file my_file_18.pdb (PDB, C-alpha atoms)
ATOM      1  CA  MET A   1      85.123 202.316  91.813
ATOM      2  CA  ILE A   2      82.329 203.740  89.648
ATOM      3  CA  ILE A   3      79.610 201.324  88.534
ATOM      4  CA  ASP A   4      76.925 202.265  86.014
ATOM      5  CA  PHE A   5      73.898 200.083  86.741
ATOM      6  CA  HIS A   6      71.820 201.002  83.687
ATOM      7  CA  THR A   7      73.211 200.910  80.148
ATOM      8  CA  HIS A   8      71.935 199.498  76.866
ATOM      9  CA  ILE A   9      73.860 197.685  74.146
ATOM     10  CA  PHE A  10      72.576 195.778  71.122
ATOM     11  CA  PRO A  11      74.072 193.322  68.642
ATOM     12  CA  PRO A  12      75.495 195.320  65.701
ATOM     13  CA  ASP A  13      72.945 193.919  63.256
ATOM     14  CA  VAL A  14      70.097 195.572  65.191
ATOM     15  CA  ARG A  15      71.490 198.945  64.227
ATOM     16  CA  GLU A  16      72.490 197.880  60.728
ATOM     17  CA  GLU A  17      69.083 196.347  60.009
ATOM     18  CA  ARG A  18      66.991 198.663  62.144
ATOM     19  CA  GLU A  19      64.076 198.811  59.708
ATOM     20  CA  GLY A  20      63.541 195.073  59.909
ATOM     21  CA  TYR A  21      63.460 195.122  63.691
ATOM     22  CA  LEU A  22      61.063 198.071  63.695
ATOM     23  CA  LYS A  23      58.593 195.917  61.772
ATOM     24  CA  ARG A  24      59.186 192.928  63.993
ATOM     25  CA  ASP A  25      58.687 194.421  67.471
ATOM     26  CA  ARG A  26      56.273 197.216  68.356
ATOM     27  CA  THR A  27      58.034 198.281  71.562
ATOM     28  CA  PHE A  28      61.325 198.533  69.694
ATOM     29  CA  ALA A  29      59.511 200.542  67.020
ATOM     30  CA  GLU A  30      58.096 202.889  69.631
ATOM     31  CA  MET A  31      61.514 203.593  71.077
ATOM     32  CA  TYR A  32      63.812 203.417  68.053
ATOM     33  CA  ALA A  33      61.806 204.476  64.996
ATOM     34  CA  ASN A  34      63.372 207.918  65.194
ATOM     35  CA  PRO A  35      66.729 207.690  63.372
ATOM     36  CA  LYS A  36      68.191 209.929  66.085
ATOM     37  CA  ALA A  37      67.483 207.291  68.751
ATOM     38  CA  LYS A  38      70.951 205.947  69.532
ATOM     39  CA  ILE A  39      71.789 202.252  69.417
ATOM     40  CA  ALA A  40      75.167 201.343  70.933
ATOM     41  CA  THR A  41      77.373 198.247  70.807
ATOM     42  CA  ALA A  42      79.566 196.727  73.505
ATOM     43  CA  GLU A  43      82.668 198.282  71.957
ATOM     44  CA  GLU A  44      81.122 201.742  72.127
ATOM     45  CA  LEU A  45      80.131 201.203  75.750
ATOM     46  CA  LEU A  46      83.710 200.298  76.659
ATOM     47  CA  VAL A  47      85.010 203.433  74.941
ATOM     48  CA  SER A  48      82.523 205.507  76.928
ATOM     49  CA  MET A  49      83.566 203.784  80.152
ATOM     50  CA  ASP A  50      87.216 204.583  79.543
ATOM     51  CA  TYR A  51      86.378 208.218  78.882
ATOM     52  CA  ALA A  52      84.114 208.594  81.929
ATOM     53  CA  GLY A  53      86.196 206.572  84.367
ATOM     54  CA  VAL A  54      83.579 203.843  84.807
ATOM     55  CA  ALA A  55      84.992 200.551  86.075
ATOM     56  CA  VAL A  56      81.923 198.347  85.552
ATOM     57  CA  SER A  57      78.695 198.737  83.571
ATOM     58  CA  VAL A  58      75.543 196.653  83.747
ATOM     59  CA  ALA A  59      74.391 196.040  80.172
ATOM     60  CA  LEU A  60      70.649 195.438  80.017
ATOM     61  CA  GLY A  61      68.650 193.340  77.613
ATOM     62  CA  PHE A  62      65.623 194.604  75.687
ATOM     63  CA  ALA A  63      62.024 193.507  76.286
ATOM     64  CA  TRP A  64      61.525 191.750  72.966
ATOM     65  CA  ARG A  65      58.182 190.052  72.389
ATOM     66  CA  GLU A  66      59.736 187.108  70.534
ATOM     67  CA  HIS A  67      61.663 184.557  72.560
ATOM     68  CA  GLU A  68      64.112 184.083  69.690
ATOM     69  CA  LEU A  69      65.088 187.754  69.805
ATOM     70  CA  CYS A  70      65.562 187.564  73.569
ATOM     71  CA  VAL A  71      67.928 184.598  73.151
ATOM     72  CA  ARG A  72      69.955 186.325  70.426
ATOM     73  CA  HIS A  73      70.297 189.461  72.524
ATOM     74  CA  ASN A  74      71.269 187.401  75.557
ATOM     75  CA  ASP A  75      73.962 185.606  73.585
ATOM     76  CA  TYR A  76      75.434 188.972  72.632
ATOM     77  CA  LEU A  77      75.315 190.296  76.208
ATOM     78  CA  LEU A  78      76.949 187.174  77.628
ATOM     79  CA  GLU A  79      79.662 187.212  74.972
ATOM     80  CA  ALA A  80      80.337 190.908  75.567
ATOM     81  CA  ALA A  81      80.571 190.335  79.307
ATOM     82  CA  ALA A  82      82.996 187.443  78.865
ATOM     83  CA  LYS A  83      85.224 189.412  76.507
ATOM     84  CA  SER A  84      85.258 192.455  78.805
ATOM     85  CA  LYS A  85      86.962 190.531  81.646
ATOM     86  CA  GLY A  86      84.502 191.788  84.222
ATOM     87  CA  ARG A  87      83.959 195.326  82.990
ATOM     88  CA  ILE A  88      80.539 194.530  81.503
ATOM     89  CA  VAL A  89      77.966 192.662  83.598
ATOM     90  CA  ALA A  90      75.112 191.053  81.666
ATOM     91  CA  PHE A  91      71.466 191.402  82.689
ATOM     92  CA  CYS A  92      69.552 189.180  80.320
ATOM     93  CA  THR A  93      66.126 189.597  78.814
ATOM     94  CA  VAL A  94      63.100 187.299  78.741
ATOM     95  CA  ASN A  95      59.412 187.378  77.938
ATOM     96  CA  MET A  96      57.794 185.482  80.801
ATOM     97  CA  ALA A  97      54.800 184.760  78.564
ATOM     98  CA  ALA A  98      57.004 182.341  76.606
ATOM     99  CA  ASP A  99      57.150 178.695  77.661
ATOM    100  CA  GLU A 100      60.931 178.744  77.288
ATOM    101  CA  ALA A 101      61.503 181.782  79.518
ATOM    102  CA  ALA A 102      62.376 179.906  82.702
ATOM    103  CA  GLY A 103      64.921 177.736  80.916
ATOM    104  CA  GLU A 104      66.476 180.816  79.343
ATOM    105  CA  ILE A 105      66.908 182.485  82.725
ATOM    106  CA  VAL A 106      68.631 179.369  84.065
ATOM    107  CA  ARG A 107      70.886 179.219  80.987
ATOM    108  CA  CYS A 108      71.887 182.858  81.344
ATOM    109  CA  ALA A 109      72.500 182.566  85.084
ATOM    110  CA  LYS A 110      74.800 179.590  84.534
ATOM    111  CA  ALA A 111      76.630 181.565  81.826
ATOM    112  CA  GLY A 112      77.348 184.462  84.187
ATOM    113  CA  ALA A 113      74.368 186.827  84.027
ATOM    114  CA  LYS A 114      73.792 188.569  87.345
ATOM    115  CA  GLY A 115      70.303 189.841  86.710
ATOM    116  CA  VAL A 116      67.266 190.119  84.480
ATOM    117  CA  GLY A 117      66.185 193.391  82.920
ATOM    118  CA  GLU A 118      65.216 195.908  81.804
ATOM    119  CA  LEU A 119      61.840 194.275  82.431
ATOM    120  CA  ARG A 120      58.744 195.717  80.747
ATOM    121  CA  SER A 121      56.061 193.197  81.609
ATOM    122  CA  GLU A 122      53.155 195.310  80.370
ATOM    123  CA  SER A 123      54.868 195.856  77.017
ATOM    124  CA  GLN A 124      55.193 192.080  76.671
ATOM    125  CA  ALA A 125      51.661 191.367  77.963
ATOM    126  CA  TRP A 126      52.412 189.381  81.113
ATOM    127  CA  ASP A 127      51.550 190.104  84.734
ATOM    128  CA  LEU A 128      54.430 190.862  87.102
ATOM    129  CA  ASN A 129      52.070 190.314  90.028
ATOM    130  CA  GLY A 130      50.511 187.169  88.593
ATOM    131  CA  GLU A 131      51.756 183.657  87.976
ATOM    132  CA  PRO A 132      54.510 184.707  85.488
ATOM    133  CA  GLY A 133      55.893 187.180  88.003
ATOM    134  CA  ALA A 134      55.816 184.573  90.759
ATOM    135  CA  ARG A 135      57.837 182.207  88.548
ATOM    136  CA  LEU A 136      60.306 185.002  87.814
ATOM    137  CA  ALA A 137      60.642 185.804  91.510
ATOM    138  CA  GLY A 138      61.325 182.164  92.301
ATOM    139  CA  LEU A 139      64.048 181.985  89.667
ATOM    140  CA  ALA A 140      65.639 185.228  90.872
ATOM    141  CA  ARG A 141      65.658 183.894  94.411
ATOM    142  CA  GLU A 142      67.052 180.508  93.414
ATOM    143  CA  HIS A 143      69.856 181.853  91.231
ATOM    144  CA  GLY A 144      70.742 185.003  93.175
ATOM    145  CA  LEU A 145      69.653 187.374  90.418
ATOM    146  CA  VAL A 146      68.817 191.069  90.613
ATOM    147  CA  LEU A 147      65.701 192.249  88.773
ATOM    148  CA  LEU A 148      65.748 195.670  87.089
ATOM    149  CA  VAL A 149      62.299 196.941  86.166
ATOM    150  CA  HIS A 150      61.264 199.876  83.989
ATOM    151  CA  VAL A 151      58.730 201.802  86.086
ATOM    152  CA  THR A 152      56.339 204.310  84.515
ATOM    153  CA  GLU A 153      56.082 207.508  86.508
ATOM    154  CA  VAL A 154      52.678 208.956  87.338
ATOM    155  CA  GLY A 155      51.785 212.000  85.235
ATOM    156  CA  GLY A 156      54.452 213.979  83.467
ATOM    157  CA  HIS A 157      54.877 214.215  79.727
ATOM    158  CA  GLU A 158      54.548 211.483  77.145
ATOM    159  CA  TYR A 159      57.671 210.097  75.454
ATOM    160  CA  ALA A 160      58.775 207.059  73.504
ATOM    161  CA  GLY A 161      59.193 204.131  75.868
ATOM    162  CA  LYS A 162      57.332 205.624  78.827
ATOM    163  CA  SER A 163      55.011 202.666  79.355
ATOM    164  CA  GLY A 164      56.318 199.384  80.710
ATOM    165  CA  LEU A 165      55.031 198.846  84.241
ATOM    166  CA  GLN A 166      52.689 200.995  86.281
ATOM    167  CA  LEU A 167      54.025 202.425  89.520
ATOM    168  CA  GLY A 168      51.439 200.667  91.678
ATOM    169  CA  ALA A 169      52.324 197.285  90.180
ATOM    170  CA  PHE A 170      56.006 197.808  90.938
ATOM    171  CA  TYR A 171      55.173 198.854  94.500
ATOM    172  CA  ARG A 172      53.097 195.728  95.062
ATOM    173  CA  PHE A 173      55.812 193.452  93.650
ATOM    174  CA  ALA A 174      58.495 195.034  95.820
ATOM    175  CA  LEU A 175      56.327 194.666  98.925
ATOM    176  CA  GLU A 176      55.531 191.020  98.249
ATOM    177  CA  HIS A 177      59.103 189.968  97.435
ATOM    178  CA  PRO A 178      61.401 191.400 100.112
ATOM    179  CA  ASP A 179      63.923 188.549  99.945
ATOM    180  CA  PHE A 180      65.849 189.499  96.799
ATOM    181  CA  PRO A 181      66.881 192.854  95.288
ATOM    182  CA  VAL A 182      64.652 194.698  92.833
ATOM    183  CA  VAL A 183      65.822 197.917  91.161
ATOM    184  CA  GLY A 184      63.220 200.369  89.890
ATOM    185  CA  ALA A 185      64.593 202.271  86.911
ATOM    186  CA  HIS A 186      64.216 206.039  86.639
ATOM    187  CA  PHE A 187      64.087 206.846  90.364
ATOM    188  CA  ALA A 188      61.747 203.839  90.725
ATOM    189  CA  GLY A 189      59.118 205.722  88.752
ATOM    190  CA  GLY A 190      59.027 208.371  91.464
ATOM    191  CA  LEU A 191      57.850 205.889  94.104
ATOM    192  CA  PRO A 192      59.697 207.602  96.964
ATOM    193  CA  PHE A 193      57.887 210.857  96.123
ATOM    194  CA  ALA A 194      54.494 209.632  94.933
ATOM    195  CA  MET A 195      53.400 207.450  97.841
ATOM    196  CA  PRO A 196      53.496 208.529 101.482
ATOM    197  CA  GLU A 197      53.762 204.877 102.526
ATOM    198  CA  ALA A 198      56.733 204.238 100.224
ATOM    199  CA  PRO A 199      59.264 204.005 103.115
ATOM    200  CA  GLN A 200      57.536 200.731 104.039
ATOM    201  CA  VAL A 201      58.938 199.151 100.884
ATOM    202  CA  SER A 202      61.530 196.525 101.750
ATOM    203  CA  LEU A 203      65.158 197.554 102.015
ATOM    204  CA  THR A 204      65.793 195.241  99.049
ATOM    205  CA  ALA A 205      64.028 197.730  96.749
ATOM    206  CA  PHE A 206      66.370 200.188  95.035
ATOM    207  CA  ALA A 207      66.143 203.044  92.532
ATOM    208  CA  ASP A 208      68.517 204.083  89.770
ATOM    209  CA  THR A 209      69.233 207.555  88.405
ATOM    210  CA  ALA A 210      68.628 206.730  84.713
ATOM    211  CA  ALA A 211      67.093 209.547  82.636
ATOM    212  CA  ARG A 212      66.533 211.799  85.656
ATOM    213  CA  ARG A 213      67.100 214.914  83.574
ATOM    214  CA  PHE A 214      64.076 214.118  81.410
ATOM    215  CA  LEU A 215      61.713 213.291  84.270
ATOM    216  CA  TYR A 216      62.436 215.001  87.593
ATOM    217  CA  PRO A 217      64.084 218.140  88.978
ATOM    218  CA  GLU A 218      67.607 217.942  90.374
ATOM    219  CA  THR A 219      66.148 218.220  93.880
ATOM    220  CA  SER A 220      64.997 214.635  93.415
ATOM    221  CA  TYR A 221      68.399 213.416  94.604
ATOM    222  CA  ARG A 222      68.006 215.189  97.917
ATOM    223  CA  ASP A 223      64.391 214.122  98.265
ATOM    224  CA  LEU A 224      65.029 210.451  97.549
ATOM    225  CA  ILE A 225      67.959 210.247  99.930
ATOM    226  CA  ALA A 226      65.844 211.920 102.634
ATOM    227  CA  ARG A 227      63.135 209.272 102.216
ATOM    228  CA  TRP A 228      65.048 206.097 101.342
ATOM    229  CA  GLY A 229      68.644 206.869 102.260
ATOM    230  CA  ALA A 230      71.696 206.927  99.999
ATOM    231  CA  GLU A 231      72.008 203.155 100.487
ATOM    232  CA  ARG A 232      69.138 202.518  98.062
ATOM    233  CA  LEU A 233      70.152 204.611  95.057
ATOM    234  CA  VAL A 234      72.466 203.396  92.290
ATOM    235  CA  LEU A 235      74.055 205.273  89.413
ATOM    236  CA  GLY A 236      72.365 204.687  86.075
ATOM    237  CA  SER A 237      73.164 206.668  82.945
ATOM    238  CA  ASP A 238      70.766 205.038  80.465
ATOM    239  CA  PHE A 239      73.723 205.104  78.040
ATOM    240  CA  PRO A 240      73.681 205.897  75.151
ATOM    241  CA  LEU A 241      70.654 208.129  75.865
ATOM    242  CA  VAL A 242      72.747 210.086  78.378
ATOM    243  CA  SER A 243      76.526 210.100  78.431
ATOM    244  CA  GLN A 244      78.094 208.313  81.360
ATOM    245  CA  LYS A 245      80.404 211.226  82.068
ATOM    246  CA  ALA A 246      77.479 213.677  82.247
ATOM    247  CA  GLN A 247      75.506 211.400  84.571
ATOM    248  CA  ILE A 248      78.439 210.994  86.955
ATOM    249  CA  GLU A 249      78.969 214.748  87.068
ATOM    250  CA  GLU A 250      75.262 215.224  87.791
ATOM    251  CA  VAL A 251      75.411 212.868  90.765
ATOM    252  CA  ARG A 252      78.480 214.591  92.152
ATOM    253  CA  SER A 253      76.830 217.990  91.750
ATOM    254  CA  ASN A 254      73.661 216.962  93.581
ATOM    255  CA  ILE A 255      74.931 214.691  96.356
ATOM    256  CA  SER A 256      77.224 216.556  98.689
ATOM    257  CA  GLY A 257      78.356 214.003 101.264
ATOM    258  CA  GLU A 258      81.469 211.983 100.435
ATOM    259  CA  ARG A 259      79.981 208.805 101.913
ATOM    260  CA  GLU A 260      76.700 209.277 100.043
ATOM    261  CA  GLN A 261      78.511 209.910  96.766
ATOM    262  CA  ARG A 262      80.606 206.788  97.235
ATOM    263  CA  LEU A 263      77.525 204.661  97.873
ATOM    264  CA  VAL A 264      75.571 205.949  94.878
ATOM    265  CA  LEU A 265      78.481 205.924  92.437
ATOM    266  CA  GLY A 266      79.505 202.360  93.158
ATOM    267  CA  GLY A 267      79.223 201.059  96.696
ATOM    268  CA  ASN A 268      75.573 200.056  96.518
ATOM    269  CA  ALA A 269      75.966 198.493  93.081
ATOM    270  CA  SER A 270      79.005 196.551  94.229
ATOM    271  CA  ARG A 271      76.970 194.941  96.990
ATOM    272  CA  LEU A 272      74.064 194.154  94.663
ATOM    273  CA  LEU A 273      76.362 192.552  92.104
ATOM    274  CA  ARG A 274      78.459 190.806  94.789
ATOM    275  CA  LEU A 275      81.681 192.204  93.377
ATOM    276  CA  ASP A 276      84.941 191.648  95.193
ATOM    277  CA  THR A 277      85.818 195.301  95.738
ATOM    278  CA  ASP A 278      86.191 197.900  98.440
ATOM    279  CA  ALA A 279      83.951 200.384  96.566
TER     280      ALA A 279
END

call {"tool": "encode", "arguments": {"input": "my_file_18.pdb", "output": "structure tokens"}}
result
Amino acid sequence: MIIDFHTHIFPPDVREEREGYLKRDRTFAEMYANPKAKIATAEELLVSMDYAGVAVSVALGFAWREHELCVRHNDYLLEAAAKSKGRIVAFCTVNMAADEAAGEIVRCAKAGAKGVGELRSESQAWDLNGEPGARLAGLAREHGLVLLVHVTEVGGHEYAGKSGLQLGAFYRFALEHPDFPVVGAHFAGGLPFAMPEAPQVSLTAFADTAARRFLYPETSYRDLIARWGAERLVLGSDFPLVSQKAQIEEVRSNISGEREQRLVLGGNASRLLRLDTDA
């Protein structure tokens, strides 16, 4: 079973009324002002899944500044997940600076969300390692949620959407909260490569493969597995930025062992999501 742990879908009106949303949210404007920046719906994700042979996709929320926009996006994600009969798993979105954030996480968890993300605490102006992050950690622990965090790699080139959470802040959070799973997007911002002490990070810290082709050489697969093991890497396409089929082929081309491939393509994600499968 192939599970894509990092995809993005939006309510149709976000694409249809893009200009209005660009004016309303500066992070959205940074990432989607270019008309070529793709915005996908749940229906388009399911078509992609059928084509690529993906059984389950995690659909992530967006780090909106306004609580109202978070709620609307969450409603869409939860509805899409319910209609998909298990093929789409919702990770909802919150701004922990909002008074209503905790209640929204509880609402989403009760409605079937299995995680929160893609978190960009610095984009929303709250501290992952401060009181808001402690509240978030407590809620994740209480409701059995996975957190997926956008992590900004050290150095490299600039691009739309690069900022979100500094690598050191992610490292500290992962160290201080070893009792629930945290996934660092984009090879965890290069944490396994950037810090010699990175192997000390709890075994509940994971990385996904999203957008690898724009950030790291293909040898990164080999290097991460050497440092963290195949048990801590999950497939992430960053759909629609990268096609799911292309991302799966990339993993298969760069991870040679059958067991390692099986873990990265679905086994690890299945455990994180507590799916009833033999993946």

call {"tool": "resolve_selection", "arguments": {"input": "my_file_18.pdb", "expression": "the PyMOL selection byres ((chain A and resi 179) around 8)", "output": "PyMOL selection string"}}
result
chain A and resi 141+177-178+180-181+204

call {"tool": "residues_around", "arguments": {"input": "my_file_18.pdb", "residues": "Glu43 (chain A)", "least_positions_apart": "6", "cutoff": "10 Å", "atoms": "all atoms listed in the file", "output": "list in words"}}
result
Ile9, Pro12, Met49, Ala80 and Ser84 of chain A

call {"tool": "resolve_selection", "arguments": {"input": "my_file_18.pdb", "expression": "the PyMOL selection byres ((chain A and resi 140) around 10)", "output": "list in words"}}
result
Ile105, Val106, Ala109, Lys114, Gly115, Val116, Ala134, Arg135, Leu136, Ala137, Gly138, Leu139, Arg141, Glu142, His143, Gly144, Leu145, Val146, Leu147, Asp179, Phe180, Pro181 and Val182 of chain A

call {"tool": "residues_around", "arguments": {"input": "my_file_18.pdb", "residues": "region 214-216 of chain A", "least_positions_apart": "5", "cutoff": "9 Å", "atoms": "all atoms listed in the file", "output": "MDAnalysis selection string"}}
result
chainID A and resid 153 156:157 186:187 190

call {"tool": "resolve_selection", "arguments": {"input": "my_file_18.pdb", "expression": "the PyMOL selection byres ((chain A and resi 188) around 8)", "output": "list of chain:residue names"}}
result
A:His150, A:Val151, A:Glu153, A:Leu167, A:Val183, A:Gly184, A:Ala185, A:His186, A:Phe187, A:Gly189, A:Gly190, A:Leu191, A:Pro192, A:Phe206, A:Ala207, A:Asp208

call {"tool": "closest_residue", "arguments": {"input": "my_file_18.pdb", "among": "A:Ile3, A:Cys70, A:Val154, A:Leu148", "to": "Gly86 (chain A)", "atoms": "all atoms listed in the file"}}
result
A:Ile3

call {"tool": "atom_distance", "arguments": {"input": "my_file_18.pdb", "atom1": "CA of Val242 (chain A)", "atom2": "CA of Ala210 (chain A)"}}
result
8.3 Å

call {"tool": "closest_residue", "arguments": {"input": "my_file_18.pdb", "among": "A:Glu104, A:Asp4, A:Glu16, A:Glu68", "to": "Leu235 (chain A)", "atoms": "all atoms listed in the file"}}
result
A:Asp4

call {"tool": "residues_around", "arguments": {"input": "my_file_18.pdb", "residues": "Ser123 (chain A)", "least_positions_apart": "2", "cutoff": "8 Å", "atoms": "all atoms listed in the file", "output": "VMD selection string"}}
result
chain A and resid 27 63 120 to 121 125 163 to 165

call {"tool": "closest_residue", "arguments": {"input": "my_file_18.pdb", "among": "A:Thr152, A:Gln166, A:Thr219, A:Ser243", "to": "Ala40 (chain A)", "atoms": "all atoms listed in the file"}}
result
A:Ser243

call {"tool": "closest_residue", "arguments": {"input": "my_file_18.pdb", "among": "A:Val14, A:Ala113, A:Val201, A:Ala269", "to": "Leu60 (chain A)", "atoms": "only C-alpha atoms"}}
result
A:Ala113

call {"tool": "closest_residue", "arguments": {"input": "my_file_18.pdb", "among": "A:Arg72, A:Arg26, A:Arg222, A:His6", "to": "Gln261 (chain A)", "atoms": "only C-alpha atoms"}}
result
A:Arg222

call {"tool": "closest_residue", "arguments": {"input": "my_file_18.pdb", "among": "A:Tyr221, A:Phe173, A:Phe239, A:Tyr76", "to": "Gly257 (chain A)", "atoms": "only C-alpha atoms"}}
result
A:Tyr221

call {"tool": "atom_distance", "arguments": {"input": "my_file_18.pdb", "atom1": "CA of Asp25 (chain A)", "atom2": "CA of Arg65 (chain A)"}}
result
6.6 Å

call {"tool": "residues_around", "arguments": {"input": "my_file_18.pdb", "residues": "Gly161 (chain A)", "least_positions_apart": "5", "cutoff": "9 Å", "atoms": "only C-alpha atoms", "output": "ChimeraX atom specification"}}
result
/A:27-28,30-31

call {"tool": "axis_aligned_box", "arguments": {"input": "my_file_18.pdb", "around": "region 253-258 of chain A", "padding_each_side": "3 Å", "output": "AutoDock Vina command-line options"}}
result
--center_x 77.6 --center_y 215.0 --center_z 96.5 --size_x 13.8 --size_y 12.0 --size_z 15.5

call {"tool": "atom_distance", "arguments": {"input": "my_file_18.pdb", "atom1": "CA of Val56 (chain A)", "atom2": "CA of Arg87 (chain A)"}}
result
4.5 Å

call {"tool": "residues_around", "arguments": {"input": "my_file_18.pdb", "residues": "Ala82 (chain A)", "least_positions_apart": "5", "cutoff": "12 Å", "atoms": "only C-alpha atoms", "output": "PyMOL selection string"}}
result
chain A and resi 42+75-77+87-90+111-113
